[in-house]
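A short write-up of the structure that comes next.
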Amino acid sequence: MNEKLRIKWSKMRVITIAWISVAIVFALVDHWTINSSFSIGTSELYSFSSNLTFHILSTVIAITIGASFLVFYLHDRLIDRPYWQGILTIVIVYITVVTFITLVFGLILVPINSSISIGEEGFRDAYQDYLLDSIHLRNIMLWSIVVGSTQLLLQINDKFGHGLLGKLILGKYHKAREEDRIFMFLDLKSSTATAEKLGNKLYHEFLRDYFSDMTNAIIFNRGKIYQYVGDEVVITWTKQEGISNYNCLKCYFDIKESIEERKEKYIQKYGFLPEFKAGLHTGKVIAGEIGIIKRDITYSGDVLNTAARIQSKCNEHNVYLLASEKLFELFPKGIPFKKKSIGEIELRGKSLKVALSTFSLK
């Protein structure tokens, strides 16, 4: 299973647990409301067990049809749209799905509750009364809020990066913690000249395409986008995820392949194929929440400064990828890339020289 599919199934698990929990809460609220002193009481058609079963079963169907359609198909197509468009689209899809479920359930429940079979005299009126019951409008309104909120949370989750929203909510980084991480600073080559050539608006469109086209390569190699800084993107891995399957190195070559596959689009739209350079380093950082109004998870430590300065040496040594020897030593033997040692290089602001290597495909 590739990383993108794994993330989608992870989202489905969270949605399944959340929606079924909400269905149980709605059934309990119904029960408490009906049995309160403000209610006229229950009807012979109501029982808590049947109402709970109805809520759970209809939710399972909604998850099977609606949530899976949202996560595996629709969400990717709405990911670059304004938040309100994504939410509105999902709510419309949900209303369509729940209307279908209501129509189907009516064909099952009306014969059970009224003892009138489909096609018999009186079934049409009983079925119409069932469809016009205000309980269905209430369910549509409540679940529209739930579904719209789900889409909003998915969009916010994508903004923070998969998994980080949950960590923020659980307070994992409320107190600063030390982590072993790998960082890649990936910078567009000749960005100043490119910006002058394209102009502000077209250059912004170019950056959107450029960052979008590399996203799948980052996800497939289990990388997390830490931040965008102008035309530079900073990607990070935990040490284990970055070393596994050589993900942090493989990510660079997969990004390169992804951009080259779209060469015709870039040449036609912007007049050139973008080139980029990357620097990789590993070490301990302090991770923690920062800010009050615009809270975010940040990483601080010498490893980030070093990775940025390693990347800045690419032009000087006429290469597109440089990594520290400290990172290379973490890989198991039999690395599937050609390694060429650059030697020990003095980096700006560093008292000790850093051994660097470049890598290429075999």
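Labels for the structure tokens follow display order: chains A, B, ..., residues from 1 in each chain, ligands from 1.
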Using only C-alpha atoms, which protein or nucleic acid residues come within 12 Å of Lys313 (chain A)? Drop anything in the same chain fewer than 3 positions from it, and give the result as an NGL selection string.
:A and (185 or 187 or 277-280 or 306-310 or 316-324 or 342 or 344-348 or 354 or 356-358)
What does the file look like for those residues with C-alpha atoms, as a JSON list (two decimals), in the first residue's frame?
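Written out: result.json:
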```
[["chain", "number", "residue", "atom", "x", "y", "z"],
["A", 185, "PHE", "CA", 15.84, 22.33, 1.89],
["A", 187, "ASP", "CA", 15.23, 25.61, -3.58],
["A", 277, "LYS", "CA", 18.75, 22.10, -5.83],
["A", 278, "ALA", "CA", 18.50, 20.37, -2.47],
["A", 279, "GLY", "CA", 20.46, 20.04, 0.75],
["A", 280, "LEU", "CA", 19.95, 17.24, 3.28],
["A", 306, "THR", "CA", 23.19, 23.42, 8.41],
["A", 307, "ALA", "CA", 20.77, 21.87, 5.89],
["A", 308, "ALA", "CA", 20.06, 25.33, 4.42],
["A", 309, "ARG", "CA", 23.78, 26.08, 4.08],
["A", 310, "ILE", "CA", 24.46, 22.67, 2.54],
["A", 316, "GLU", "CA", 29.49, 26.21, -6.04],
["A", 317, "HIS", "CA", 30.11, 22.49, -6.67],
["A", 318, "ASN", "CA", 27.91, 22.32, -9.79],
["A", 319, "VAL", "CA", 25.56, 19.67, -8.37],
["A", 320, "TYR", "CA", 21.83, 19.57, -7.68],
["A", 321, "LEU", "CA", 21.85, 17.46, -4.51],
["A", 322, "LEU", "CA", 24.11, 17.53, -1.48],
["A", 323, "ALA", "CA", 23.79, 15.54, 1.72],
["A", 324, "SER", "CA", 25.90, 15.41, 4.84],
["A", 342, "ILE", "CA", 32.65, 16.21, -2.29],
["A", 344, "GLU", "CA", 34.90, 18.38, 3.88],
["A", 345, "ILE", "CA", 33.44, 21.81, 3.18],
["A", 346, "GLU", "CA", 33.46, 24.90, 5.32],
["A", 347, "LEU", "CA", 29.96, 26.25, 5.81],
["A", 348, "ARG", "CA", 29.19, 29.86, 6.65],
["A", 354, "VAL", "CA", 31.12, 19.29, 7.18],
["A", 356, "LEU", "CA", 29.34, 16.32, 1.98],
["A", 357, "SER", "CA", 28.39, 13.94, -0.82],
["A", 358, "THR", "CA", 26.21, 14.12, -3.88]]
```
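Residues with any atom within 9 Å of Leu188 (chain A), counting only C-alpha atoms and excluding same-chain neighbours fewer than 5 positions away, are A:Asp231, A:Glu232, A:Val233, A:Pro274, A:Glu275, A:Phe276, A:Lys277, A:Ala278.
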For Glu260 (chain A), find every residue with an atom within 10 Å (counting only C-alpha atoms), except residues of its own chain fewer than 5 positions away, and show them as number ranges by chain.
A: 254-255, 265-266, 273-275
Give me a file of those residues, with N, CA and C atoms, as an mmCIF file, in the first residue's frame.
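New file part37.cif:
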```
data_model
loop_
_atom_site.group_PDB
_atom_site.id
_atom_site.type_symbol
_atom_site.label_atom_id
_atom_site.label_comp_id
_atom_site.auth_asym_id
_atom_site.auth_seq_id
_atom_site.Cartn_x
_atom_site.Cartn_y
_atom_site.Cartn_z
ATOM 1 N N ASP A 254 12.224 11.433 -7.084
ATOM 2 C CA ASP A 254 10.821 11.315 -7.474
ATOM 3 C C ASP A 254 10.228 12.689 -7.802
ATOM 4 N N ILE A 255 10.630 13.719 -7.055
ATOM 5 C CA ILE A 255 10.190 15.086 -7.377
ATOM 6 C C ILE A 255 10.714 15.480 -8.757
ATOM 7 N N LYS A 265 3.939 20.811 -20.241
ATOM 8 C CA LYS A 265 3.089 21.834 -19.626
ATOM 9 C C LYS A 265 3.910 23.060 -19.240
ATOM 10 N N TYR A 266 5.070 22.832 -18.618
ATOM 11 C CA TYR A 266 5.890 23.957 -18.164
ATOM 12 C C TYR A 266 6.450 24.763 -19.345
ATOM 13 N N LEU A 273 11.604 24.600 -18.181
ATOM 14 C CA LEU A 273 11.405 23.514 -17.229
ATOM 15 C C LEU A 273 12.154 23.864 -15.941
ATOM 16 N N PRO A 274 11.469 23.939 -14.814
ATOM 17 C CA PRO A 274 12.147 24.359 -13.569
ATOM 18 C C PRO A 274 13.210 23.365 -13.117
ATOM 19 N N GLU A 275 14.297 23.909 -12.608
ATOM 20 C CA GLU A 275 15.352 23.109 -11.998
ATOM 21 C C GLU A 275 15.482 23.528 -10.539
#
```
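Taking CA of Lys284 (chain A) and CA of Gly301 (chain A) as endpoints, the distance between them is 7.0 Å.
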Would you list the contacts of Ile297 (chain A) as a ChimeraX atom specification, taking every protein, DNA or RNA residue within 8 Å and counting only C-alpha atoms, but skipping same-chain residues closer than 6 positions in sequence?
/A:173,287-290
Grab the residues selected above and save them as a compact mmCIF listing (two decimals), in the first residue's frame with all heavy atoms.
```
# COMPACT_ATOMS: atom_id res chain seq x y z
N TYR A 173 2.60 18.62 21.24
CA TYR A 173 3.71 19.57 21.16
C TYR A 173 3.46 20.81 22.03
O TYR A 173 4.10 21.84 21.82
CB TYR A 173 3.94 19.99 19.71
CG TYR A 173 4.49 18.87 18.85
CD1 TYR A 173 3.67 18.20 17.95
CD2 TYR A 173 5.82 18.50 18.94
CE1 TYR A 173 4.18 17.17 17.16
CE2 TYR A 173 6.34 17.48 18.16
CZ TYR A 173 5.50 16.81 17.28
OH TYR A 173 6.00 15.79 16.51
N ALA A 287 11.05 20.46 18.95
CA ALA A 287 9.75 20.64 18.30
C ALA A 287 8.73 21.09 19.34
O ALA A 287 8.67 20.55 20.45
CB ALA A 287 9.30 19.33 17.67
N GLY A 288 7.94 22.09 18.98
CA GLY A 288 6.94 22.56 19.92
C GLY A 288 6.03 23.60 19.31
O GLY A 288 6.33 24.18 18.25
N GLU A 289 4.89 23.82 19.97
CA GLU A 289 3.95 24.85 19.51
C GLU A 289 4.51 26.23 19.82
O GLU A 289 5.17 26.43 20.84
CB GLU A 289 2.60 24.68 20.22
CG GLU A 289 1.86 23.42 19.83
CD GLU A 289 0.52 23.31 20.54
OE1 GLU A 289 -0.07 24.37 20.85
OE2 GLU A 289 0.08 22.18 20.80
N ILE A 290 4.20 27.14 18.92
CA ILE A 290 4.62 28.52 19.12
C ILE A 290 3.52 29.43 18.61
O ILE A 290 2.82 29.11 17.65
CB ILE A 290 5.96 28.80 18.39
CG1 ILE A 290 6.56 30.12 18.85
CG2 ILE A 290 5.79 28.77 16.88
CD1 ILE A 290 7.99 30.33 18.37
```
Region 270-355 of chain A: residues DSSP assigns to helix (DSSP H, G or I), reported as a CSV table (one decimal) with all heavy atoms, in the first residue's frame:
```csv
chain,number,residue,atom,x,y,z
A,270,TYR,N,5.1,28.3,-19.3
A,270,TYR,CA,6.0,29.3,-18.7
A,270,TYR,C,7.3,29.5,-19.5
A,270,TYR,O,8.1,30.3,-19.2
A,270,TYR,CB,6.4,28.8,-17.3
A,270,TYR,CG,5.2,28.6,-16.4
A,270,TYR,CD1,4.8,27.3,-16.0
A,270,TYR,CD2,4.4,29.7,-16.0
A,270,TYR,CE1,3.7,27.1,-15.2
A,270,TYR,CE2,3.3,29.5,-15.2
A,270,TYR,CZ,2.9,28.2,-14.8
A,270,TYR,OH,1.8,28.0,-14.0
A,302,ASP,N,20.3,23.5,15.2
A,302,ASP,CA,21.4,23.8,14.3
A,302,ASP,C,21.2,23.0,13.0
A,302,ASP,O,21.7,23.4,11.9
A,302,ASP,CB,22.7,23.4,14.9
A,302,ASP,CG,23.9,23.7,14.0
A,302,ASP,OD1,24.2,24.8,13.7
A,302,ASP,OD2,24.6,22.7,13.6
A,303,VAL,N,20.5,21.9,13.0
A,303,VAL,CA,20.3,21.0,11.9
A,303,VAL,C,19.7,21.8,10.7
A,303,VAL,O,20.0,21.6,9.5
A,303,VAL,CB,19.6,19.7,12.2
A,303,VAL,CG1,18.2,20.0,12.8
A,303,VAL,CG2,19.4,18.8,11.0
A,304,LEU,N,18.7,22.6,11.0
A,304,LEU,CA,18.0,23.4,10.0
A,304,LEU,C,19.0,24.4,9.3
A,304,LEU,O,19.0,24.5,8.1
A,304,LEU,CB,16.8,24.1,10.5
A,304,LEU,CG,15.6,23.3,10.8
A,304,LEU,CD1,15.6,22.8,12.3
A,304,LEU,CD2,14.3,24.0,10.5
A,305,ASN,N,19.8,25.1,10.1
A,305,ASN,CA,20.7,26.1,9.5
A,305,ASN,C,21.7,25.3,8.7
A,305,ASN,O,22.1,25.8,7.6
A,305,ASN,CB,21.4,26.8,10.7
A,305,ASN,CG,20.5,27.7,11.5
A,305,ASN,OD1,19.5,28.2,10.9
A,305,ASN,ND2,20.8,27.8,12.8
A,306,THR,N,22.2,24.2,9.2
A,306,THR,CA,23.2,23.4,8.4
A,306,THR,C,22.6,22.9,7.1
A,306,THR,O,23.3,23.0,6.0
A,306,THR,CB,23.7,22.2,9.3
A,306,THR,OG1,24.2,22.8,10.5
A,306,THR,CG2,24.8,21.5,8.5
A,307,ALA,N,21.4,22.4,7.1
A,307,ALA,CA,20.8,21.9,5.9
A,307,ALA,C,20.6,23.0,4.9
A,307,ALA,O,20.8,22.8,3.7
A,307,ALA,CB,19.4,21.2,6.2
A,308,ALA,N,20.2,24.2,5.3
A,308,ALA,CA,20.1,25.3,4.4
A,308,ALA,C,21.4,25.7,3.8
A,308,ALA,O,21.5,26.0,2.6
A,308,ALA,CB,19.5,26.5,5.2
A,309,ARG,N,22.5,25.7,4.6
A,309,ARG,CA,23.8,26.1,4.1
A,309,ARG,C,24.4,25.0,3.2
A,309,ARG,O,25.1,25.3,2.3
A,309,ARG,CB,24.7,26.4,5.3
A,309,ARG,CG,24.3,27.7,5.9
A,309,ARG,CD,24.9,28.0,7.2
A,309,ARG,NE,24.4,29.2,7.8
A,309,ARG,CZ,24.4,29.6,9.0
A,309,ARG,NH1,25.0,28.8,9.9
A,309,ARG,NH2,23.9,30.7,9.4
A,310,ILE,N,24.0,23.7,3.4
A,310,ILE,CA,24.5,22.7,2.5
A,310,ILE,C,23.8,22.9,1.2
A,310,ILE,O,24.5,22.8,0.1
A,310,ILE,CB,24.1,21.3,3.1
A,310,ILE,CG1,24.9,20.9,4.3
A,310,ILE,CG2,24.2,20.2,2.1
A,310,ILE,CD1,24.5,19.7,5.1
A,311,GLN,N,22.5,23.2,1.2
A,311,GLN,CA,21.9,23.5,-0.1
A,311,GLN,C,22.5,24.6,-0.8
A,311,GLN,O,22.6,24.6,-2.1
A,311,GLN,CB,20.4,23.7,0.2
A,311,GLN,CG,19.5,24.0,-1.0
A,311,GLN,CD,19.4,25.5,-1.3
A,311,GLN,OE1,19.8,26.0,-2.3
A,311,GLN,NE2,18.8,26.2,-0.3
A,312,SER,N,23.0,25.6,-0.1
A,312,SER,CA,23.5,26.8,-0.8
A,312,SER,C,24.9,26.5,-1.5
A,312,SER,O,25.4,27.3,-2.3
A,312,SER,CB,23.7,27.9,0.2
A,312,SER,OG,24.8,27.6,1.2
A,325,GLU,N,27.6,13.7,5.3
A,325,GLU,CA,28.1,12.4,5.6
A,325,GLU,C,27.4,11.8,6.8
A,325,GLU,O,27.2,10.6,6.9
A,325,GLU,CB,29.6,12.4,5.8
A,325,GLU,CG,30.2,11.1,5.8
A,325,GLU,CD,30.3,10.5,4.4
A,325,GLU,OE1,30.1,11.2,3.4
A,325,GLU,OE2,30.4,9.2,4.2
A,326,LYS,N,27.0,12.7,7.7
A,326,LYS,CA,26.3,12.2,8.9
A,326,LYS,C,25.0,11.5,8.6
A,326,LYS,O,24.6,10.5,9.2
A,326,LYS,CB,26.0,13.4,9.8
A,326,LYS,CG,25.3,13.1,11.1
A,326,LYS,CD,25.0,14.3,12.0
A,326,LYS,CE,24.3,14.0,13.3
A,326,LYS,NZ,24.0,15.2,14.1
A,327,LEU,N,24.3,12.1,7.6
A,327,LEU,CA,23.0,11.4,7.1
A,327,LEU,C,23.4,10.1,6.4
A,327,LEU,O,22.7,9.1,6.6
A,327,LEU,CB,22.3,12.4,6.1
A,327,LEU,CG,21.1,11.8,5.4
A,327,LEU,CD1,20.0,11.4,6.4
A,327,LEU,CD2,20.5,12.8,4.4
A,328,PHE,N,24.4,10.1,5.5
A,328,PHE,CA,24.7,8.9,4.7
A,328,PHE,C,25.1,7.8,5.7
A,328,PHE,O,24.7,6.6,5.4
A,328,PHE,CB,25.9,9.2,3.8
A,328,PHE,CG,26.4,8.0,3.1
A,328,PHE,CD1,25.7,7.4,2.1
A,328,PHE,CD2,27.6,7.4,3.5
A,328,PHE,CE1,26.2,6.3,1.4
A,328,PHE,CE2,28.1,6.3,2.9
A,328,PHE,CZ,27.3,5.7,1.8
```
Would you mind writing down, as a count of residues only, each residue of region 169-326 of chain A that DSSP on the backbone assigns to strand (DSSP E)?
49
Skip region 236-246 of chain A itself and residues of its chain fewer than 6 positions away, then list as number ranges by chain all residues within 6 Å of it, counting only C-alpha atoms.
A: 180-183, 223-224
Would you output that residue set with N, CA and C atoms, as a short mmCIF file (atom, residue, chain, number, x, y, z; two decimals), in the first residue's frame?
```
data_model
loop_
_atom_site.label_atom_id
_atom_site.label_comp_id
_atom_site.auth_asym_id
_atom_site.auth_seq_id
_atom_site.Cartn_x
_atom_site.Cartn_y
_atom_site.Cartn_z
N ASP A 180 14.68 13.43 16.77
CA ASP A 180 15.70 13.18 15.75
C ASP A 180 15.03 13.28 14.39
N ARG A 181 15.46 14.23 13.56
CA ARG A 181 14.79 14.46 12.30
C ARG A 181 15.77 14.66 11.15
N ILE A 182 15.25 14.45 9.96
CA ILE A 182 15.97 14.73 8.71
C ILE A 182 15.27 15.88 8.03
N PHE A 183 16.04 16.82 7.49
CA PHE A 183 15.47 17.96 6.79
C PHE A 183 16.06 18.07 5.39
N GLY A 223 7.35 12.00 3.50
CA GLY A 223 7.84 13.30 3.95
C GLY A 223 6.69 14.19 4.39
N LYS A 224 7.01 15.17 5.23
CA LYS A 224 6.03 16.16 5.67
C LYS A 224 6.56 17.53 5.25
#
```
